[in-house]
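Engineer: Handing over input-v3.txt, compact mmCIF, C-alpha atoms.
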```txt
# COMPACT_ATOMS: atom_id res chain seq x y z
CA MET A 832 7.97 -16.83 -12.65
CA PRO A 833 9.66 -15.90 -15.96
CA ASP A 834 13.39 -16.56 -16.16
CA VAL A 835 14.90 -13.07 -16.31
CA GLY A 836 18.24 -14.57 -17.30
CA ASP A 837 16.76 -16.05 -20.47
CA LEU A 838 15.17 -12.71 -21.41
CA VAL A 839 18.40 -10.83 -20.81
CA GLN A 840 20.41 -13.39 -22.78
CA ALA A 841 18.05 -13.09 -25.73
CA ARG A 842 18.44 -9.31 -25.65
CA VAL A 843 22.24 -9.58 -25.44
CA SER A 844 22.91 -12.34 -27.94
CA ARG A 845 19.86 -12.47 -30.20
CA PRO A 846 18.07 -9.08 -30.20
CA GLU A 847 16.71 -9.85 -33.68
CA THR A 848 14.50 -12.56 -32.12
CA ILE A 849 12.17 -9.83 -30.85
CA ALA A 850 11.24 -8.78 -34.40
CA ARG A 851 10.98 -12.43 -35.43
CA ALA A 852 8.65 -13.14 -32.52
CA ALA A 853 6.46 -10.20 -33.54
CA ALA A 854 6.33 -11.42 -37.13
CA ALA A 855 5.49 -14.97 -36.04
CA ARG A 856 2.77 -13.91 -33.58
CA ARG A 857 -0.64 -15.30 -34.46
CA ARG A 858 -2.86 -12.25 -34.81
CA PRO A 859 -6.46 -12.13 -33.58
CA THR A 860 -9.24 -12.35 -36.13
CA SER A 861 -11.18 -9.55 -34.42
CA LEU A 862 -10.72 -6.76 -31.90
CA LEU A 863 -13.53 -8.35 -29.90
CA GLY A 864 -13.36 -11.47 -27.77
CA PRO A 865 -15.91 -14.31 -27.62
CA HIS A 866 -18.02 -12.13 -25.31
CA GLY A 867 -18.31 -9.49 -28.03
CA ARG A 868 -16.24 -7.01 -26.04
CA LEU A 869 -12.62 -5.91 -25.75
CA MET A 870 -10.93 -6.90 -22.47
CA ILE A 871 -7.43 -5.43 -22.23
CA ILE A 872 -4.85 -5.70 -19.46
CA ALA A 873 -2.92 -2.42 -19.16
CA ALA A 874 0.76 -2.39 -18.18
CA ASP A 875 2.23 0.82 -19.56
CA HIS A 876 2.56 2.60 -16.21
CA PRO A 877 6.27 1.98 -15.38
CA ALA A 878 7.57 3.92 -18.39
CA ARG A 879 6.00 7.06 -16.92
CA GLY A 880 7.64 6.39 -13.55
CA ALA A 881 4.25 5.48 -12.07
CA LEU A 882 5.02 2.32 -10.11
CA ARG A 883 2.35 2.53 -7.43
CA ALA A 884 -0.41 -0.04 -7.07
CA GLY A 885 -2.71 0.31 -4.09
CA ALA A 886 -0.72 1.19 -0.98
CA ASP A 887 2.63 0.00 -2.37
CA PRO A 888 4.53 2.86 -4.07
CA MET A 889 6.94 0.43 -5.79
CA ALA A 890 4.57 -2.43 -6.62
CA MET A 891 5.40 -2.48 -10.34
CA ALA A 892 9.16 -2.12 -9.89
CA ASN A 893 9.94 -5.86 -10.03
CA ARG A 894 9.83 -6.75 -13.73
CA ALA A 895 9.82 -10.54 -13.30
CA ASP A 896 6.89 -10.29 -10.89
CA LEU A 897 5.02 -7.96 -13.25
CA LEU A 898 5.58 -10.28 -16.21
CA ASP A 899 4.37 -13.24 -14.17
CA ARG A 900 1.19 -11.39 -13.23
CA LEU A 901 0.67 -10.35 -16.86
CA ALA A 902 1.13 -13.92 -18.10
CA VAL A 903 -1.48 -15.15 -15.61
CA ALA A 904 -3.95 -12.42 -16.57
CA LEU A 905 -3.47 -13.02 -20.31
CA SER A 906 -4.05 -16.75 -19.84
CA ARG A 907 -7.52 -16.27 -18.38
CA PRO A 908 -10.55 -16.94 -20.64
CA GLY A 909 -12.08 -13.76 -22.01
CA VAL A 910 -8.93 -11.63 -21.76
CA ASN A 911 -8.16 -10.77 -25.37
CA GLY A 912 -5.73 -7.85 -25.23
CA VAL A 913 -2.77 -6.11 -23.62
CA LEU A 914 -1.50 -2.51 -23.55
CA GLY A 915 2.17 -1.79 -22.98
CA THR A 916 5.36 0.04 -23.86
CA PRO A 917 8.03 -1.57 -26.10
CA ASP A 918 10.08 -3.05 -23.26
CA ILE A 919 7.11 -4.86 -21.72
CA LEU A 920 5.50 -6.00 -24.98
CA GLU A 921 8.86 -7.32 -26.21
CA ASP A 922 9.32 -9.33 -23.02
CA LEU A 923 5.84 -10.78 -23.55
CA LEU A 924 6.71 -11.57 -27.18
CA LEU A 925 9.83 -13.43 -26.04
CA LEU A 926 7.70 -15.33 -23.52
CA GLY A 927 5.30 -16.33 -26.32
CA VAL A 928 2.10 -15.20 -24.60
CA LEU A 929 0.71 -12.76 -27.20
CA ASP A 930 -0.77 -15.15 -29.77
CA ASP A 931 -4.38 -14.26 -30.62
CA LYS A 932 -4.24 -11.16 -28.39
CA VAL A 933 -5.07 -7.60 -29.38
CA VAL A 934 -1.76 -5.79 -28.79
CA ILE A 935 -1.83 -2.02 -28.21
CA GLY A 936 1.46 -0.11 -28.14
CA SER A 937 1.72 2.87 -25.79
CA MET A 938 3.05 5.93 -27.61
CA ASN A 939 3.54 9.12 -25.57
CA ARG A 940 5.45 8.56 -22.32
CA GLY A 941 7.37 11.83 -22.05
CA GLY A 942 5.08 13.44 -19.46
CA LEU A 943 6.69 11.74 -16.50
CA ALA A 944 4.64 11.62 -13.31
CA GLY A 945 5.41 14.38 -10.83
CA THR A 946 7.59 16.49 -13.13
CA THR A 947 7.27 20.14 -14.10
CA PHE A 948 6.96 19.06 -17.74
CA GLU A 949 4.22 16.47 -17.16
CA ILE A 950 1.71 18.12 -19.51
CA ASP A 951 4.29 18.29 -22.33
CA ASP A 952 3.57 14.62 -23.05
CA ARG A 953 5.91 13.87 -25.91
CA PHE A 954 5.84 10.73 -28.03
CA THR A 955 8.91 8.86 -26.79
CA ALA A 956 7.84 5.22 -27.29
CA TYR A 957 5.98 3.69 -30.24
CA ASP A 958 4.96 5.63 -33.33
CA ALA A 959 2.44 4.61 -35.98
CA ALA A 960 5.08 3.13 -38.30
CA SER A 961 6.62 0.88 -35.64
CA ILE A 962 3.20 -0.30 -34.43
CA ALA A 963 2.19 -1.25 -37.96
CA ALA A 964 5.59 -2.87 -38.65
CA ALA A 965 5.24 -5.04 -35.55
CA GLY A 966 1.76 -6.13 -36.65
CA PHE A 967 0.11 -4.72 -33.55
CA GLU A 968 -3.57 -3.81 -33.50
CA GLY A 969 -3.39 -0.28 -32.16
CA GLY A 970 -1.62 2.61 -30.49
CA LYS A 971 -2.60 4.38 -27.28
CA MET A 972 -1.99 8.00 -26.31
CA LEU A 973 -2.73 10.04 -23.19
CA LEU A 974 -4.13 13.56 -23.68
CA ARG A 975 -4.22 15.78 -20.60
CA ILE A 976 -5.69 19.21 -21.35
CA ASP A 977 -4.58 21.84 -18.83
CA PRO A 978 -6.21 25.22 -19.60
CA ASP A 979 -3.39 26.99 -17.73
CA ASP A 980 -0.44 25.16 -19.32
CA PRO A 981 0.61 26.23 -22.84
CA SER A 982 2.36 22.88 -23.31
CA THR A 983 -1.10 21.38 -23.84
CA VAL A 984 -1.26 22.57 -27.44
CA ALA A 985 1.90 20.64 -28.41
CA THR A 986 0.44 17.45 -26.96
CA LEU A 987 -2.85 18.10 -28.76
CA GLN A 988 -1.02 18.52 -32.06
CA ALA A 989 1.08 15.39 -31.51
CA CYS A 990 -1.98 13.31 -30.65
CA GLY A 991 -3.83 14.61 -33.72
CA THR A 992 -0.89 13.63 -35.91
CA ALA A 993 -0.71 10.17 -34.31
CA VAL A 994 -4.44 9.58 -34.83
CA SER A 995 -4.07 10.47 -38.53
CA GLU A 996 -0.97 8.29 -39.00
CA LEU A 997 -2.53 5.28 -37.28
CA ALA A 998 -5.74 5.65 -39.28
CA GLY A 999 -3.68 5.86 -42.46
CA ARG A 1000 -2.47 2.35 -41.65
CA GLN A 1001 -5.98 1.19 -40.65
CA VAL A 1002 -4.84 0.70 -37.06
CA MET A 1003 -6.78 1.61 -33.92
CA ALA A 1004 -5.95 4.91 -32.21
CA MET A 1005 -6.84 4.71 -28.51
CA VAL A 1006 -7.06 8.19 -26.97
CA GLU A 1007 -7.28 8.69 -23.19
CA PRO A 1008 -8.41 12.32 -22.58
CA PHE A 1009 -8.68 14.35 -19.38
CA ILE A 1010 -9.14 17.93 -18.33
CA SER A 1011 -6.28 18.42 -15.87
CA HIS A 1012 -5.07 21.07 -13.43
CA ARG A 1013 -1.88 21.51 -11.46
CA ILE A 1014 -2.79 21.64 -7.76
CA ASP A 1015 -0.03 22.16 -5.19
CA GLY A 1016 2.49 21.37 -7.89
CA ARG A 1017 0.93 18.07 -8.98
CA VAL A 1018 -1.18 17.34 -12.05
CA GLN A 1019 -4.66 16.13 -11.12
CA ASN A 1020 -7.42 15.05 -13.49
CA GLU A 1021 -10.85 16.64 -13.10
CA LEU A 1022 -13.21 13.68 -12.81
CA THR A 1023 -16.57 15.38 -13.26
CA ALA A 1024 -19.19 14.76 -15.93
CA GLU A 1025 -18.70 18.26 -17.33
CA ALA A 1026 -14.91 17.94 -17.57
CA MET A 1027 -15.00 14.46 -19.08
CA THR A 1028 -17.66 15.50 -21.61
CA ARG A 1029 -15.42 18.33 -22.74
CA ALA A 1030 -12.36 16.07 -22.87
CA VAL A 1031 -14.20 13.40 -24.87
CA THR A 1032 -15.47 15.87 -27.46
CA VAL A 1033 -11.98 17.32 -27.97
CA ALA A 1034 -10.41 13.86 -28.30
CA ALA A 1035 -13.06 12.68 -30.75
CA GLY A 1036 -12.22 15.50 -33.15
CA LEU A 1037 -8.49 14.82 -33.37
CA GLY A 1038 -6.88 13.81 -36.64
CA THR A 1039 -7.94 13.73 -40.27
CA THR A 1040 -10.46 10.96 -39.60
CA SER A 1041 -12.08 9.39 -36.54
CA ALA A 1042 -12.78 6.11 -38.31
CA TYR A 1043 -10.20 4.19 -36.25
CA THR A 1044 -10.41 6.17 -33.00
CA TRP A 1045 -11.46 4.56 -29.72
CA LEU A 1046 -11.67 6.40 -26.41
CA LYS A 1047 -10.31 5.26 -23.03
CA VAL A 1048 -12.24 6.93 -20.21
CA PRO A 1049 -12.78 6.67 -16.45
CA VAL A 1050 -16.12 6.09 -14.78
CA VAL A 1051 -17.52 9.35 -13.36
CA GLU A 1052 -20.87 10.46 -12.00
CA ASP A 1053 -23.54 10.81 -14.70
CA MET A 1054 -21.61 8.59 -17.08
CA GLU A 1055 -24.63 8.40 -19.36
CA ARG A 1056 -24.29 12.11 -20.14
CA VAL A 1057 -20.57 11.79 -20.84
CA MET A 1058 -21.00 8.90 -23.25
CA ALA A 1059 -23.89 10.65 -25.00
CA ALA A 1060 -21.38 13.23 -26.27
CA THR A 1061 -19.87 10.93 -28.93
CA THR A 1062 -20.53 7.98 -31.22
CA LEU A 1063 -16.95 6.71 -30.93
CA PRO A 1064 -16.48 3.35 -29.17
CA ALA A 1065 -15.15 3.68 -25.63
CA LEU A 1066 -13.29 1.48 -23.18
CA ILE A 1067 -13.49 1.95 -19.43
CA LEU A 1068 -10.20 2.32 -17.54
CA GLY A 1069 -9.60 1.02 -14.05
CA GLY A 1070 -7.04 3.16 -12.22
CA ASP A 1071 -5.00 1.88 -9.29
CA ALA A 1072 -7.76 1.61 -6.68
CA GLU A 1073 -9.68 -1.51 -5.74
CA PRO A 1074 -11.74 -3.07 -8.56
CA SER A 1075 -15.01 -1.17 -9.07
CA TYR A 1076 -17.15 -4.02 -10.35
CA GLN A 1077 -20.51 -2.31 -9.86
CA GLN A 1078 -19.40 0.90 -11.61
CA TRP A 1079 -17.82 -1.03 -14.48
CA GLN A 1080 -20.93 -3.14 -14.97
CA LYS A 1081 -23.17 -0.07 -15.06
CA ALA A 1082 -20.92 1.65 -17.60
CA LEU A 1083 -20.87 -1.48 -19.78
CA SER A 1084 -24.63 -1.17 -20.26
CA LEU A 1085 -24.15 2.03 -22.27
CA PRO A 1086 -24.18 1.58 -26.06
CA THR A 1087 -20.91 3.46 -26.60
CA VAL A 1088 -18.93 1.37 -24.08
CA ARG A 1089 -17.41 -1.69 -25.75
CA GLY A 1090 -15.04 -3.07 -23.13
CA LEU A 1091 -12.52 -2.55 -20.35
CA VAL A 1092 -8.85 -1.55 -20.10
CA ILE A 1093 -7.82 -2.46 -16.57
CA GLY A 1094 -4.30 -2.65 -15.19
CA ARG A 1095 -3.08 -2.26 -11.65
CA SER A 1096 -6.35 -3.07 -9.88
CA LEU A 1097 -6.36 -6.51 -11.58
CA LEU A 1098 -2.62 -7.18 -11.61
CA TYR A 1099 -2.20 -6.22 -7.95
CA PRO A 1100 -5.57 -6.99 -6.33
CA PRO A 1101 -5.94 -6.07 -2.66
CA ASP A 1102 -7.74 -9.36 -2.01
CA GLY A 1103 -7.55 -12.68 -3.83
CA SER A 1104 -5.38 -13.84 -6.70
CA VAL A 1105 -4.78 -12.24 -10.09
CA ALA A 1106 -6.65 -15.09 -11.77
CA ASP A 1107 -9.71 -14.80 -9.52
CA THR A 1108 -9.87 -11.02 -9.86
CA VAL A 1109 -9.52 -11.16 -13.64
CA ASP A 1110 -12.17 -13.89 -13.93
CA ARG A 1111 -14.63 -11.86 -11.87
CA THR A 1112 -14.03 -8.85 -14.10
CA VAL A 1113 -14.45 -10.87 -17.32
CA ASN A 1114 -17.82 -12.08 -16.00
CA LEU A 1115 -19.04 -8.48 -16.20
CA LEU A 1116 -18.75 -8.69 -19.98
```
Would you write out, as structure tokens, the structure that this file holds?
Structural biologist:
Amino acid sequence: MPDVGDLVQARVSRPETIARAAAARRRPTSLLGPHGRLMIIAADHPARGALRAGADPMAMANRADLLDRLAVALSRPGVNGVLGTPDILEDLLLLGVLDDKVVIGSMNRGGLAGTTFEIDDRFTAYDAASIAAAGFEGGKMLLRIDPDDPSTVATLQACGTAVSELAGRQVMAMVEPFISHRIDGRVQNELTAEAMTRAVTVAAGLGTTSAYTWLKVPVVEDMERVMAATTLPALILGGDAEPSYQQWQKALSLPTVRGLVIGRSLLYPPDGSVADTVDRTVNLL
């Protein structure tokens, strides 16, 4: 278990060590691992107030426990990346576990879960300049398109700007698009082939160039049709349910799909250890 006291002391007495650790980090030679795919552990959920994993609504609330699980996952062969907000990535930098890893900074965290302003997903974490300055390999943004919420257009514009600014620095822009609706006061994503096809085509056209854009998408029925809508590389996301090995493996057979971005279902597996669950997932690649 990481020593929280040491992390806090570094932040209190030597905050400049975070930037030094980022500068000293050994960067990966490729976005792809030895398996020819990208295998990323996602941990950007807490900054949106989404702490649930499985049946536990506060599973991700203990930071030392989360960091310990992340360190185990990142140590497993075949795991070559991590996705997080500044607070989490900086803890991992201080722990020295990000050498040779593809590091993706999460950018828009303003659309807090369960709020009335959830669709107005403002960029409140990383921006393109800070991602490039830290030497990270990419930036991730969530794009929920609600046809009935006028706040959608501001998020669309912000994501388009971020895609352009990341591409201008030759850094990956990872876009996670959904068609969403507010049902009984809560935002829910429409996980149908038709909705995801529409979301993917909108996301692919964002920015002044798509040269550095990757998509982050869920597995839905008729995934072949969804992925036929674009030539952009895509990564499959995991959600907070039990690992869906069979669905992930089927999606990985599609030419557009180039890897996985899995978080809670690997970090908080319902059965078995983090290491065993991660290893089983890596074997799919």
Engineer: Pick the closest to Val1002 in chain A from A:Gly942, A:Gly936, A:Gly1070, A:Pro978: which is it, counting all atoms listed in the file?
Structural biologist: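 Looking only at the distances to Val1002 in chain A, the closest residue turns out to be A:Gly936.
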Engineer: For the atom pair CA of Gly1036 in chain A and CA of Leu987 in chain A, what is the interatomic distance in Å to one decimal place?
Structural biologist: 10.7 Å
Engineer: Restricting the calculation to all atoms listed in the file: of A:Ala902, A:Met1003, A:Ala998, A:Ala1106, which residue gets closest to Thr1040 in chain A?
Structural biologist: A:Ala998
Engineer: Write out as a PyMOL selection string which residues come within 10 Å of Ala1059 in chain A when counting only C-alpha atoms, dropping same-chain ones fewer than 6 positions away.
Structural biologist: chain A and resi 1028+1085-1087
Engineer: Point out the residue among A:Thr1112, A:Ser961, A:Thr1061, A:Asn1020 with the least atom-to-atom distance to Leu1083 in chain A, counting all atoms listed in the file.
Structural biologist: A:Thr1112
Engineer: Pick out the closest residue to Asn1114 in chain A from this set: A:Met889, A:Lys1081, A:Gly941, A:Tyr1076. Count all atoms listed in the file.
Structural biologist: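 Of the candidates, the smallest distance to Asn1114 in chain A is held by A:Tyr1076.
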Engineer: Which is closest to Val928 in chain A among A:Ile962, A:Ile950, A:Leu898, A:Ala944, if we use all atoms listed in the file?
Structural biologist: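 Counting all atoms listed in the file, the residue closest to Val928 in chain A is A:Leu898.
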Engineer: Once you count only C-alpha atoms, which residues end up no further than 9 Å from (-18.7, -9.3, -24.6) in the file's frame, shown as a list in words?
Structural biologist: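 Counting only C-alpha atoms, I find these residues within 9 Å of (-18.7, -9.3, -24.6): Leu863, Gly864, Pro865, His866, Gly867, Arg868, Leu869, Met870, Gly909, Arg1089, Gly1090, Val1113, Leu1115 and Leu1116 of chain A.
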Engineer: For Ala886 in chain A, which residue out of A:Asp834, A:Glu921, A:Glu1073, A:Asp1053 is the nearest one, using only C-alpha atoms?
Structural biologist: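 That would be A:Glu1073, the residue with the smallest distance to Ala886 in chain A.
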